[in-house]
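Reproduced below: upload_7.txt, with compact mmCIF, C-alpha atoms and all ligand atoms.
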# COMPACT_ATOMS: atom_id res chain seq x y z
CA MET A 55 -52.96 -44.72 63.78
CA SER A 56 -52.89 -48.32 62.62
CA ASN A 57 -54.27 -50.67 65.23
CA LYS A 58 -51.55 -53.25 64.55
CA MET A 59 -48.02 -53.22 65.91
CA GLN A 60 -44.82 -55.24 65.73
CA ALA A 61 -43.64 -56.90 68.95
CA ALA A 62 -40.88 -59.40 69.76
CA PHE A 63 -42.13 -62.26 71.92
CA VAL A 64 -40.38 -64.88 73.98
CA GLU A 65 -42.55 -67.88 73.18
CA GLN A 66 -40.27 -70.57 74.64
CA PHE A 67 -37.35 -70.17 77.06
CA GLY A 68 -33.99 -70.48 75.36
CA LYS A 69 -35.44 -70.11 71.84
CA PRO A 70 -35.12 -67.14 69.47
CA LEU A 71 -37.67 -64.37 69.90
CA VAL A 72 -40.54 -64.25 67.44
CA VAL A 73 -41.34 -60.85 65.92
CA ARG A 74 -45.00 -60.77 64.98
CA GLU A 75 -47.87 -58.41 64.37
CA VAL A 76 -50.44 -58.02 67.14
CA GLU A 77 -53.20 -55.60 68.09
CA VAL A 78 -52.11 -52.35 69.72
CA PRO A 79 -53.19 -52.72 73.37
CA THR A 80 -55.78 -50.38 74.84
CA PRO A 81 -54.85 -48.66 78.12
CA GLY A 82 -57.27 -49.52 80.89
CA PRO A 83 -58.34 -47.18 83.69
CA GLY A 84 -55.25 -45.82 85.43
CA GLN A 85 -52.94 -46.89 82.59
CA VAL A 86 -51.24 -45.11 79.70
CA LEU A 87 -50.24 -46.20 76.21
CA VAL A 88 -46.72 -45.26 75.19
CA LYS A 89 -45.57 -45.14 71.56
CA THR A 90 -42.08 -46.56 71.69
CA GLU A 91 -39.23 -44.48 70.28
CA ALA A 92 -36.32 -46.51 71.64
CA CYS A 93 -35.60 -49.44 73.94
CA GLY A 94 -32.24 -50.56 75.29
CA VAL A 95 -31.29 -54.23 75.35
CA CYS A 96 -30.15 -55.25 78.85
CA HIS A 97 -28.42 -58.49 79.80
CA THR A 98 -31.46 -59.06 82.04
CA ASP A 99 -33.49 -59.54 78.84
CA LEU A 100 -31.23 -62.51 78.06
CA HIS A 101 -31.86 -63.98 81.53
CA ALA A 102 -35.59 -63.39 81.02
CA ALA A 103 -35.65 -65.07 77.62
CA GLY A 104 -33.52 -67.92 78.96
CA GLY A 105 -35.83 -68.55 81.95
CA ASP A 106 -32.67 -68.23 84.06
CA TRP A 107 -34.17 -67.16 87.39
CA PRO A 108 -36.30 -68.89 90.06
CA LEU A 109 -39.21 -66.46 89.42
CA LYS A 110 -40.11 -67.15 85.79
CA PRO A 111 -42.23 -64.91 83.58
CA LYS A 112 -45.39 -66.35 82.06
CA LEU A 113 -45.03 -67.21 78.36
CA PRO A 114 -45.40 -65.61 75.90
CA PHE A 115 -44.12 -62.18 76.90
CA VAL A 116 -42.47 -59.12 75.34
CA PRO A 117 -39.10 -58.30 77.00
CA GLY A 118 -37.51 -54.84 77.25
CA HIS A 119 -37.38 -52.55 80.28
CA GLU A 120 -35.48 -49.58 78.87
CA GLY A 121 -38.36 -48.38 76.70
CA ILE A 122 -38.69 -44.66 76.02
CA GLY A 123 -41.61 -43.15 74.18
CA ILE A 124 -44.33 -40.58 73.95
CA VAL A 125 -47.60 -41.00 75.81
CA ALA A 126 -50.11 -41.63 73.01
CA ALA A 127 -53.26 -42.23 75.05
CA VAL A 128 -54.29 -42.11 78.69
CA GLY A 129 -56.87 -44.32 80.38
CA ALA A 130 -59.65 -43.08 82.64
CA GLY A 131 -58.53 -41.25 85.77
CA VAL A 132 -54.90 -40.66 84.77
CA THR A 133 -53.52 -37.31 85.94
CA ALA A 134 -49.82 -38.01 86.60
CA VAL A 135 -48.86 -37.79 82.90
CA LYS A 136 -50.53 -36.45 79.77
CA ALA A 137 -50.55 -37.26 76.08
CA GLY A 138 -47.33 -36.02 74.47
CA ASP A 139 -45.10 -36.50 77.54
CA ARG A 140 -41.84 -38.40 76.99
CA VAL A 141 -41.58 -41.21 79.52
CA GLY A 142 -39.54 -44.33 80.24
CA VAL A 143 -41.14 -47.67 81.10
CA PRO A 144 -38.70 -49.24 83.54
CA TRP A 145 -38.13 -52.62 85.19
CA LEU A 146 -40.05 -51.37 88.24
CA TYR A 147 -43.31 -51.32 86.32
CA SER A 148 -45.46 -50.79 89.40
CA ALA A 149 -45.61 -51.41 93.14
CA CYS A 150 -48.42 -51.53 95.70
CA GLY A 151 -47.78 -48.11 97.25
CA HIS A 152 -48.92 -49.29 100.70
CA CYS A 153 -46.53 -51.90 102.12
CA GLU A 154 -43.77 -51.12 104.63
CA HIS A 155 -41.23 -50.86 101.78
CA CYS A 156 -43.33 -48.58 99.59
CA LEU A 157 -44.05 -46.40 102.60
CA SER A 158 -40.34 -45.96 103.29
CA ALA A 159 -39.52 -45.15 99.64
CA TRP A 160 -38.06 -48.60 98.95
CA GLU A 161 -40.67 -49.47 96.32
CA THR A 162 -38.03 -51.52 94.48
CA VAL A 163 -38.47 -54.34 97.03
CA CYS A 164 -42.27 -54.20 97.18
CA PRO A 165 -43.49 -57.83 97.27
CA GLU A 166 -46.34 -56.85 94.92
CA ALA A 167 -44.03 -55.19 92.38
CA GLU A 168 -44.55 -55.93 88.69
CA PHE A 169 -41.59 -55.96 86.33
CA GLY A 170 -41.56 -54.41 82.85
CA GLY A 171 -40.59 -56.82 80.09
CA TYR A 172 -40.98 -59.68 82.57
CA THR A 173 -44.28 -59.94 84.43
CA ARG A 174 -45.71 -57.22 82.10
CA ASN A 175 -45.06 -56.82 78.39
CA GLY A 176 -42.15 -54.50 77.74
CA GLY A 177 -40.48 -52.26 75.21
CA PHE A 178 -39.53 -54.60 72.35
CA ALA A 179 -42.77 -53.43 70.70
CA ASP A 180 -44.17 -50.37 68.92
CA PHE A 181 -46.43 -49.61 71.90
CA ILE A 182 -46.20 -50.29 75.65
CA VAL A 183 -48.93 -50.13 78.29
CA ALA A 184 -47.53 -48.50 81.45
CA ASP A 185 -48.45 -47.39 84.96
CA PRO A 186 -48.26 -43.58 85.01
CA ASN A 187 -47.28 -43.59 88.69
CA TYR A 188 -44.06 -45.50 87.94
CA VAL A 189 -42.90 -44.23 84.53
CA ALA A 190 -39.65 -42.27 84.32
CA HIS A 191 -39.99 -38.62 83.33
CA ILE A 192 -37.42 -37.90 80.64
CA PRO A 193 -35.85 -34.44 80.98
CA ALA A 194 -36.27 -32.11 77.99
CA GLY A 195 -33.24 -32.16 75.73
CA LEU A 196 -32.45 -35.84 76.30
CA ALA A 197 -33.07 -37.84 73.12
CA ALA A 198 -35.03 -41.09 73.44
CA THR A 199 -32.11 -43.27 72.31
CA ALA A 200 -29.76 -41.50 74.74
CA ALA A 201 -32.21 -41.87 77.62
CA ALA A 202 -33.03 -45.55 77.07
CA PRO A 203 -29.97 -47.12 78.77
CA LEU A 204 -30.39 -44.81 81.75
CA VAL A 205 -33.75 -46.20 82.86
CA CYS A 206 -32.19 -49.54 83.78
CA ALA A 207 -28.38 -49.58 83.41
CA GLY A 208 -28.09 -45.97 84.56
CA VAL A 209 -30.37 -45.99 87.58
CA THR A 210 -29.14 -49.44 88.68
CA THR A 211 -25.49 -48.46 88.74
CA TYR A 212 -26.14 -45.02 90.20
CA LYS A 213 -28.13 -46.58 93.06
CA GLY A 214 -25.56 -49.38 93.41
CA LEU A 215 -22.78 -46.82 93.80
CA LYS A 216 -24.81 -44.89 96.38
CA VAL A 217 -25.25 -47.98 98.53
CA THR A 218 -21.51 -48.75 98.46
CA GLU A 219 -21.43 -45.68 100.74
CA ALA A 220 -18.06 -44.76 99.20
CA ARG A 221 -17.30 -41.08 99.65
CA PRO A 222 -15.68 -38.62 97.22
CA GLY A 223 -11.98 -39.35 96.87
CA GLU A 224 -12.40 -43.00 97.87
CA TRP A 225 -11.98 -45.97 95.54
CA VAL A 226 -14.71 -47.95 93.91
CA VAL A 227 -14.04 -51.10 91.95
CA ILE A 228 -16.47 -51.68 89.09
CA SER A 229 -16.46 -55.28 87.96
CA GLY A 230 -17.99 -55.67 84.49
CA THR A 231 -17.82 -52.59 82.26
CA GLY A 232 -20.46 -53.48 79.66
CA GLY A 233 -23.95 -51.98 79.47
CA LEU A 234 -24.21 -51.29 83.19
CA GLY A 235 -20.52 -50.83 83.91
CA HIS A 236 -19.73 -48.22 81.25
CA LEU A 237 -22.34 -46.00 82.91
CA ALA A 238 -21.16 -46.93 86.41
CA VAL A 239 -17.68 -45.61 85.54
CA GLN A 240 -19.17 -42.27 84.50
CA TYR A 241 -21.52 -41.96 87.48
CA ALA A 242 -18.67 -42.80 89.85
CA LYS A 243 -16.43 -40.13 88.34
CA ALA A 244 -19.26 -37.59 88.45
CA MET A 245 -19.73 -38.50 92.14
CA GLY A 246 -16.07 -37.71 92.83
CA LEU A 247 -14.95 -41.29 93.32
CA MET A 248 -11.71 -42.95 92.21
CA VAL A 249 -12.50 -45.78 89.79
CA CYS A 250 -10.76 -49.09 89.22
CA ALA A 251 -12.54 -50.88 86.35
CA VAL A 252 -12.36 -54.67 86.07
CA ASP A 253 -13.43 -56.75 83.06
CA ILE A 254 -12.25 -59.79 81.11
CA ASP A 255 -12.19 -57.91 77.81
CA ASP A 256 -9.28 -55.56 77.08
CA GLY A 257 -11.39 -53.57 74.59
CA LYS A 258 -13.98 -52.83 77.28
CA LEU A 259 -11.20 -51.84 79.68
CA GLU A 260 -9.72 -49.46 77.12
CA HIS A 261 -13.15 -47.93 76.77
CA ALA A 262 -13.51 -47.64 80.56
CA LYS A 263 -10.23 -45.71 80.58
CA ARG A 264 -11.53 -43.35 77.91
CA LEU A 265 -14.64 -42.82 80.07
CA GLY A 266 -12.50 -41.77 83.01
CA ALA A 267 -11.45 -44.90 84.94
CA ASP A 268 -8.31 -44.15 86.97
CA ALA A 269 -7.08 -47.75 86.76
CA VAL A 270 -8.10 -50.87 84.85
CA ILE A 271 -7.38 -54.51 85.69
CA ASN A 272 -8.17 -57.58 83.58
CA ALA A 273 -10.03 -60.06 85.82
CA LYS A 274 -8.28 -62.92 84.00
CA SER A 275 -4.79 -61.68 84.87
CA ASP A 276 -2.77 -63.88 87.22
CA ASP A 277 -3.66 -62.27 90.51
CA ALA A 278 -6.38 -59.76 89.74
CA ILE A 279 -7.28 -59.35 93.43
CA ALA A 280 -3.69 -58.46 94.37
CA ALA A 281 -3.49 -56.09 91.38
CA VAL A 282 -6.65 -54.25 92.47
CA LYS A 283 -5.43 -54.07 96.07
CA LYS A 284 -2.15 -52.61 94.85
CA VAL A 285 -3.64 -49.77 92.79
CA THR A 286 -6.35 -48.97 95.34
CA LEU A 287 -3.93 -49.27 98.30
CA GLY A 288 -5.98 -51.97 100.02
CA GLY A 289 -9.07 -52.65 97.90
CA GLY A 290 -12.19 -50.71 96.98
CA HIS A 291 -14.01 -48.82 99.72
CA GLY A 292 -16.90 -49.82 97.52
CA VAL A 293 -17.11 -52.64 94.98
CA LEU A 294 -19.93 -52.85 92.43
CA ILE A 295 -20.27 -56.19 90.68
CA THR A 296 -22.20 -55.92 87.43
CA ALA A 297 -20.57 -58.90 85.68
CA PRO A 298 -23.05 -61.63 84.73
CA SER A 299 -20.55 -64.28 85.81
CA LEU A 300 -20.38 -66.11 89.15
CA GLY A 301 -16.57 -66.03 89.15
CA ALA A 302 -16.69 -62.25 89.39
CA PHE A 303 -18.59 -62.37 92.69
CA LYS A 304 -16.08 -64.24 94.83
CA GLN A 305 -13.33 -62.21 93.20
CA GLY A 306 -15.21 -58.96 93.89
CA VAL A 307 -15.54 -59.75 97.59
CA GLY A 308 -11.76 -60.30 97.61
CA MET A 309 -11.27 -56.87 96.03
CA THR A 310 -13.15 -55.16 98.88
CA ARG A 311 -11.21 -53.13 101.40
CA ARG A 312 -11.37 -53.87 105.13
CA ARG A 313 -14.69 -52.38 106.37
CA GLY A 314 -15.68 -51.79 102.73
CA THR A 315 -18.97 -52.65 101.03
CA CYS A 316 -19.37 -55.04 98.13
CA VAL A 317 -22.61 -54.44 96.23
CA LEU A 318 -24.01 -57.28 94.13
CA VAL A 319 -25.93 -56.18 91.05
CA GLY A 320 -25.17 -58.79 88.35
CA LEU A 321 -27.67 -61.64 88.27
CA PRO A 322 -26.15 -64.77 86.72
CA PRO A 323 -28.16 -67.84 87.74
CA GLY A 324 -26.71 -69.78 90.69
CA ASP A 325 -24.86 -69.07 93.93
CA PHE A 326 -21.30 -68.30 94.88
CA PRO A 327 -19.23 -69.26 97.92
CA LEU A 328 -18.72 -66.35 100.29
CA PRO A 329 -15.24 -66.43 101.91
CA LEU A 330 -16.73 -66.32 105.39
CA PHE A 331 -13.56 -65.84 107.43
CA ASP A 332 -12.42 -62.84 105.38
CA VAL A 333 -15.87 -61.23 105.38
CA VAL A 334 -16.18 -61.62 109.16
CA ALA A 335 -12.62 -60.81 110.19
CA GLN A 336 -12.38 -57.80 107.85
CA CYS A 337 -15.88 -56.50 108.70
CA ILE A 338 -16.91 -56.45 105.03
CA THR A 339 -20.51 -55.69 104.09
CA VAL A 340 -21.99 -57.66 101.18
CA ARG A 341 -25.32 -56.33 99.96
CA GLY A 342 -27.67 -56.72 97.04
CA SER A 343 -29.07 -53.81 95.07
CA PHE A 344 -32.04 -53.93 92.73
CA VAL A 345 -32.57 -51.20 90.10
CA GLY A 346 -33.52 -47.93 91.86
CA THR A 347 -36.49 -46.03 93.20
CA ARG A 348 -38.32 -43.29 91.31
CA GLU A 349 -36.28 -40.73 93.19
CA ASP A 350 -33.03 -42.49 92.18
CA MET A 351 -34.36 -42.51 88.61
CA ALA A 352 -34.92 -38.75 88.56
CA GLU A 353 -31.42 -38.18 89.98
CA ALA A 354 -29.80 -40.60 87.51
CA LEU A 355 -31.52 -38.87 84.58
CA ALA A 356 -30.51 -35.44 85.88
CA PHE A 357 -26.81 -36.40 85.62
CA ALA A 358 -27.35 -37.10 81.92
CA ALA A 359 -29.41 -33.96 81.36
CA ALA A 360 -26.53 -32.00 82.89
CA GLY A 361 -24.10 -33.66 80.47
CA LYS A 362 -22.15 -35.53 83.17
CA VAL A 363 -23.08 -39.02 81.97
CA LYS A 364 -23.66 -40.19 78.41
CA ALA A 365 -24.67 -43.68 77.35
CA ASP A 366 -22.56 -45.11 74.57
CA ILE A 367 -25.11 -46.61 72.20
CA GLU A 368 -25.32 -48.69 69.06
CA ARG A 369 -28.66 -48.37 67.24
CA GLN A 370 -30.40 -51.41 65.77
CA PRO A 371 -33.90 -52.06 64.43
CA LEU A 372 -36.34 -54.33 66.32
CA SER A 373 -36.02 -56.89 63.51
CA ALA A 374 -32.34 -57.45 64.49
CA ILE A 375 -33.20 -58.50 68.05
CA ASN A 376 -32.07 -62.14 67.79
CA HIS A 377 -28.70 -61.17 66.36
CA VAL A 378 -28.32 -58.54 69.10
CA PHE A 379 -29.09 -61.21 71.74
CA GLU A 380 -26.42 -63.52 70.28
CA ARG A 381 -23.80 -60.78 70.32
CA LEU A 382 -24.72 -59.70 73.86
CA GLN A 383 -24.45 -63.30 75.07
CA GLN A 384 -21.01 -63.58 73.46
CA GLY A 385 -19.78 -60.32 75.00
CA LYS A 386 -19.58 -58.70 71.56
CA VAL A 387 -21.67 -55.61 72.31
CA ALA A 388 -19.34 -52.69 73.09
CA SER A 389 -21.63 -50.93 75.59
CA ARG A 390 -25.39 -50.84 74.94
CA VAL A 391 -27.55 -51.67 71.94
CA VAL A 392 -30.66 -49.51 71.70
CA LEU A 393 -33.52 -50.60 69.47
CA ASP A 394 -34.42 -47.51 67.46
CA PHE A 395 -38.07 -47.55 66.42
CA ALA A 396 -37.51 -44.71 63.96
CA ALA A 397 -35.17 -47.03 62.01
CA ARG A 398 -37.00 -49.76 60.11
P1 LIG A 401 -23.37 -56.77 79.58
O1 LIG A 401 -23.34 -58.08 78.92
O2 LIG A 401 -23.63 -55.54 78.77
O3 LIG A 401 -22.00 -56.48 80.38
C1 LIG A 401 -21.39 -57.46 81.18
C2 LIG A 401 -19.90 -57.14 81.27
O4 LIG A 401 -19.30 -58.04 82.21
C3 LIG A 401 -19.17 -57.33 79.95
O5 LIG A 401 -18.35 -56.20 79.70
C4 LIG A 401 -18.32 -58.59 80.20
O6 LIG A 401 -17.11 -58.58 79.45
C5 LIG A 401 -18.06 -58.47 81.68
N1 LIG A 401 -17.68 -59.72 82.35
C6 LIG A 401 -18.08 -60.99 82.08
N2 LIG A 401 -17.48 -61.85 82.93
C7 LIG A 401 -16.71 -61.12 83.77
C8 LIG A 401 -15.87 -61.42 84.86
N3 LIG A 401 -15.69 -62.68 85.26
N4 LIG A 401 -15.25 -60.41 85.50
C9 LIG A 401 -15.41 -59.12 85.10
N5 LIG A 401 -16.19 -58.78 84.07
C10 LIG A 401 -16.84 -59.76 83.41
O7 LIG A 401 -24.49 -56.91 80.73
P2 LIG A 401 -25.32 -55.76 81.49
O8 LIG A 401 -26.50 -55.38 80.68
O9 LIG A 401 -24.36 -54.75 81.97
O10 LIG A 401 -25.90 -56.61 82.74
C11 LIG A 401 -25.01 -57.18 83.66
C12 LIG A 401 -25.72 -58.00 84.73
O11 LIG A 401 -26.46 -57.12 85.58
C13 LIG A 401 -26.74 -59.03 84.21
O12 LIG A 401 -26.63 -60.21 84.99
C14 LIG A 401 -28.06 -58.36 84.45
O13 LIG A 401 -29.13 -59.25 84.59
C15 LIG A 401 -27.78 -57.64 85.75
N6 LIG A 401 -28.67 -56.50 86.06
C16 LIG A 401 -29.05 -56.34 87.35
C17 LIG A 401 -29.83 -55.27 87.71
C18 LIG A 401 -30.22 -55.06 89.13
O14 LIG A 401 -31.14 -54.29 89.39
N7 LIG A 401 -29.57 -55.68 90.10
C19 LIG A 401 -30.26 -54.36 86.74
C20 LIG A 401 -29.82 -54.54 85.43
C21 LIG A 401 -29.03 -55.62 85.09
ZN ZN A 402 -31.92 -54.05 82.87
ZN ZN A 403 -45.43 -52.14 98.21
Represent the structure contained in this file as structure tokens.
Ligand code: NAD
Ligand code: ZN
Ligand code: ZN
Amino acid sequence: MSNKMQAAFVEQFGKPLVVREVEVPTPGPGQVLVKTEACGVCHTDLHAAGGDWPLKPKLPFVPGHEGIGIVAAVGAGVTAVKAGDRVGVPWLYSACGHCEHCLSAWETVCPEAEFGGYTRNGGFADFIVADPNYVAHIPAGLAATAAAPLVCAGVTTYKGLKVTEARPGEWVVISGTGGLGHLAVQYAKAMGLMVCAVDIDDGKLEHAKRLGADAVINAKSDDAIAAVKKVTLGGGHGVLITAPSLGAFKQGVGMTRRRGTCVLVGLPPGDFPLPLFDVVAQCITVRGSFVGTREDMAEALAFAAAGKVKADIERQPLSAINHVFERLQQGKVASRVVLDFAAR
């Protein structure tokens, strides 16, 4: 094993990533070293590289939180995984395990949580150091490239749909049918929900239809809210907003049914005005949702292992990362790009 590896670094916010050769890291006690096979490119990586959010990562850092690979080495004291296991290194890189949130299986909101590809170096590299207590366990039979989008986009939308509290037969509106949304459509159908997909791109809406959406509405059409209310007979019992655009948030609240729940998942920088009178008078719940717990992760992966959900992927080599970022920013990625470390 060579002790050098390629990694893509964010060296300055808003500047292209720099792919350079660095030493392969050594896993410390309680850590594992994962040899990367694949890593999905999430829109969050663009926010990270842009320094978009109030909590900024320390420069330089390696983005990527949909890394899948094989455990190559384990540090002292590790028993949760062994060399040769296929694991995912997710956004929820680690948590404290002891706070009130960790104790109630809400480790995603642990105040001590570390984030993969953000506060810790991530999967845009040949090797990743990970916490064995928080890695995803990839079911046998699921290829690394197929699994990659599930460890962020998959688990996030699956959990987001759960917390809409929509029940089988009820309507969910999925706003944004890109990397997250194309999986949300499939999870929602597998969960027995009726799906109204909303996007600004007719190609993505066509794709959502192919993936099982019962209705599609272009968010740019004259009265998209009225159109959604018409097909859903009153709005979504649940609404899941994955669009990285502030306009989609106010619109999404408007697409929520009386007593329905609007779940915010997209993270464009900034705030949006909440139509207070409608939210109050119609008893609408607006809630945030952040990735998913380890239990949600296992469930989300099981849907794919059972063949009920399949990420639609485009493979690219690590060296293409800046071009992939440009296309993702411009909305030109069909569903999800996965960096394939077998392709050089
Ligand atoms: P993406 O670029 O792959 O997909 C975004 C989709 O939204 C595209 O299809 C685009 O056409 C569509 N869109 C843009 N503007 C829209 C609008 N006004 N109305 C409807 N659709 C619109 O991005 P992604 O990887 O799916 O990520 C989406 C967002 O979710 C990002 O902001 C990302 O940071 C966030 N995210 C949040 C979590 C979480 O845990 N809450 C996890 C992962 C990603
Ligand atoms: Zn992500
Ligand atoms: Zn905690």
Contacts to ligand ZN 402 (chain A) at 10 Å cut-off (all atoms listed in the file) as number ranges by chain:
A: 94-100, 118-120, 144-145, 170-171, 203-210, 233-234, 320, 344-345
Based on the selection just made, write C-alpha atoms of those residues as a PDB file, keeping the file's coordinate frame.
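Dumped to again30.pdb:
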ATOM      1  CA  GLY A  94     -32.240 -50.560  75.290  1.00  0.00           C
ATOM      2  CA  VAL A  95     -31.290 -54.230  75.350  1.00  0.00           C
ATOM      3  CA  CYS A  96     -30.150 -55.250  78.850  1.00  0.00           C
ATOM      4  CA  HIS A  97     -28.420 -58.490  79.800  1.00  0.00           C
ATOM      5  CA  THR A  98     -31.460 -59.060  82.040  1.00  0.00           C
ATOM      6  CA  ASP A  99     -33.490 -59.540  78.840  1.00  0.00           C
ATOM      7  CA  LEU A 100     -31.230 -62.510  78.060  1.00  0.00           C
ATOM      8  CA  GLY A 118     -37.510 -54.840  77.250  1.00  0.00           C
ATOM      9  CA  HIS A 119     -37.380 -52.550  80.280  1.00  0.00           C
ATOM     10  CA  GLU A 120     -35.480 -49.580  78.870  1.00  0.00           C
ATOM     11  CA  PRO A 144     -38.700 -49.240  83.540  1.00  0.00           C
ATOM     12  CA  TRP A 145     -38.130 -52.620  85.190  1.00  0.00           C
ATOM     13  CA  GLY A 170     -41.560 -54.410  82.850  1.00  0.00           C
ATOM     14  CA  GLY A 171     -40.590 -56.820  80.090  1.00  0.00           C
ATOM     15  CA  PRO A 203     -29.970 -47.120  78.770  1.00  0.00           C
ATOM     16  CA  LEU A 204     -30.390 -44.810  81.750  1.00  0.00           C
ATOM     17  CA  VAL A 205     -33.750 -46.200  82.860  1.00  0.00           C
ATOM     18  CA  CYS A 206     -32.190 -49.540  83.780  1.00  0.00           C
ATOM     19  CA  ALA A 207     -28.380 -49.580  83.410  1.00  0.00           C
ATOM     20  CA  GLY A 208     -28.090 -45.970  84.560  1.00  0.00           C
ATOM     21  CA  VAL A 209     -30.370 -45.990  87.580  1.00  0.00           C
ATOM     22  CA  THR A 210     -29.140 -49.440  88.680  1.00  0.00           C
ATOM     23  CA  GLY A 233     -23.950 -51.980  79.470  1.00  0.00           C
ATOM     24  CA  LEU A 234     -24.210 -51.290  83.190  1.00  0.00           C
ATOM     25  CA  GLY A 320     -25.170 -58.790  88.350  1.00  0.00           C
ATOM     26  CA  PHE A 344     -32.040 -53.930  92.730  1.00  0.00           C
ATOM     27  CA  VAL A 345     -32.570 -51.200  90.100  1.00  0.00           C
TER      28      VAL A 345
END
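Residues lying within 12 Å of Lys112 of chain A, counting only C-alpha atoms and ignoring same-chain neighbours fewer than 6 positions away, are Phe63, Val64, Glu65, Gln66, Phe67, Ala102, Ala103, Gly105, Phe169, Gly171, Tyr172, Thr173, Arg174 and Asn175 of chain A.
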Got a sec: who's within 12 Å of Asp325 of chain A, counting all atoms listed in the file, leaving out chain neighbours fewer than 2 positions off, as JSON, numbers by chain?
{"A": [107, 298, 299, 300, 301, 302, 303, 304, 318, 320, 321, 322, 323, 327, 328]}
Separation of atom CA of Ser373 of chain A from atom C7 of ligand LIG 401 (chain A), in Å and rounded to one decimal
28.3 Å
Just the residues within 8 Å of Asp255 of chain A, please, counting only C-alpha atoms, with nothing from its chain fewer than 3 positions along; format it as a ChimeraX atom specification.
/A:258-259,272
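You will find atom C19 of ligand LIG 401 (chain A) at 6.4 Å from atom CA of Val319 of chain A.
When all atoms listed in the file are used to compute distances to Asn187 of chain A, the closest of the residues A:Gly292, A:Pro165, A:Gly131, A:Gly342 turns out to be A:Gly131.
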Output the neighbourhood of ligand ZN 403 (chain A) as a PDB file with C-alpha atoms, keeping the file's coordinate frame, that is, all protein and nucleic acid residues with some atom at most 9 Å from the ligand, counting only C-alpha atoms and all ligand atoms.
ATOM      1  CA  SER A 148     -45.460 -50.790  89.400  1.00  0.00           C
ATOM      2  CA  ALA A 149     -45.610 -51.410  93.140  1.00  0.00           C
ATOM      3  CA  CYS A 150     -48.420 -51.530  95.700  1.00  0.00           C
ATOM      4  CA  GLY A 151     -47.780 -48.110  97.250  1.00  0.00           C
ATOM      5  CA  HIS A 152     -48.920 -49.290 100.700  1.00  0.00           C
ATOM      6  CA  CYS A 153     -46.530 -51.900 102.120  1.00  0.00           C
ATOM      7  CA  GLU A 154     -43.770 -51.120 104.630  1.00  0.00           C
ATOM      8  CA  HIS A 155     -41.230 -50.860 101.780  1.00  0.00           C
ATOM      9  CA  CYS A 156     -43.330 -48.580  99.590  1.00  0.00           C
ATOM     10  CA  LEU A 157     -44.050 -46.400 102.600  1.00  0.00           C
ATOM     11  CA  TRP A 160     -38.060 -48.600  98.950  1.00  0.00           C
ATOM     12  CA  GLU A 161     -40.670 -49.470  96.320  1.00  0.00           C
ATOM     13  CA  THR A 162     -38.030 -51.520  94.480  1.00  0.00           C
ATOM     14  CA  VAL A 163     -38.470 -54.340  97.030  1.00  0.00           C
ATOM     15  CA  CYS A 164     -42.270 -54.200  97.180  1.00  0.00           C
ATOM     16  CA  PRO A 165     -43.490 -57.830  97.270  1.00  0.00           C
ATOM     17  CA  GLU A 166     -46.340 -56.850  94.920  1.00  0.00           C
ATOM     18  CA  ALA A 167     -44.030 -55.190  92.380  1.00  0.00           C
TER      19      ALA A 167
END
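Going from atom CA of Leu294 of chain A to atom O2 of ligand LIG 401 (chain A) covers 14.4 Å.
Among the candidates A:His261, A:Ile254, A:Thr315, A:Gly289, the residue lying nearest to Leu215 of chain A is A:Thr315 (atoms considered: all atoms listed in the file).
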If we count all atoms listed in the file and set the cut-off at 7 Å, which residues sit around Val86 of chain A, ignoring sequence neighbours fewer than 5 positions away in its own chain? Please answer as a PyMOL selection string.
chain A and resi 81+125+127-129+183-186
Using all atoms listed in the file, what table do you get, as JSON lines, when you list each residue of segment 91-166 of chain A with an atom no more than 10 Å from segment 69-76 of chain A, its nearest pair of atoms, and their distance in Å rounded to one decimal, rows by chain then rising number?
{"residue": "A:Ala103", "atom": "CA", "partner": "A:Lys69", "partner_atom": "CA", "distance": 7.7}
{"residue": "A:Gly104", "atom": "CA", "partner": "A:Lys69", "partner_atom": "CA", "distance": 7.7}
{"residue": "A:Pro114", "atom": "CA", "partner": "A:Val72", "partner_atom": "CA", "distance": 9.9}
{"residue": "A:Phe115", "atom": "CA", "partner": "A:Leu71", "partner_atom": "CA", "distance": 9.8}
{"residue": "A:Val116", "atom": "CA", "partner": "A:Leu71", "partner_atom": "CA", "distance": 9.0}
{"residue": "A:Pro117", "atom": "CA", "partner": "A:Leu71", "partner_atom": "CA", "distance": 9.4}
Do you know which residues are at most 8 Å from Gly246 of chain A counting all atoms listed in the file, after dropping those on the same chain fewer than 3 positions away, and could you put them as a list of chain:residue names?
A:Arg221, A:Pro222, A:Gly223, A:Ala242, A:Lys243
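Comparing the minimum interatomic distances between Val189 of chain A and each of A:Arg348, A:Lys213, A:His101, A:Lys362, counting all atoms listed in the file, we find that A:Arg348 sits nearest.
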Between A:Val143, A:Ala262, A:Ala251, A:Ala281, which has the minimum distance to Ala202 of chain A (counting all atoms listed in the file)?
A:Val143
Report as AutoDock Vina command-line options the centre and the edge lengths, in Å to one decimal, of the axis-aligned box holding every listed atom of ligand LIG 401 (chain A), padded by 3 Å on each side.
--center_x -23.2 --center_y -58.5 --center_z 84.4 --size_x 21.9 --size_y 14.4 --size_z 17.3
How would you write as an MDAnalysis selection string the residues that get within 8 Å of (-19.7, -55.2, 82.0) in the file's frame, counting all atoms listed in the file?
chainID A and resid 229:236 253 258 296:298 389
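Distances here use only C-alpha atoms and all ligand atoms; by that measure, the residue among A:Ile338, A:Met59, A:Val333, A:Cys250 closest to ligand LIG 401 (chain A) is A:Cys250.
With only C-alpha atoms and all ligand atoms as the atoms that count, the minimum distance from ligand LIG 401 (chain A) to the choices A:Gly214, A:Gly266, A:Gly123, A:Gly288 is reached by A:Gly214.
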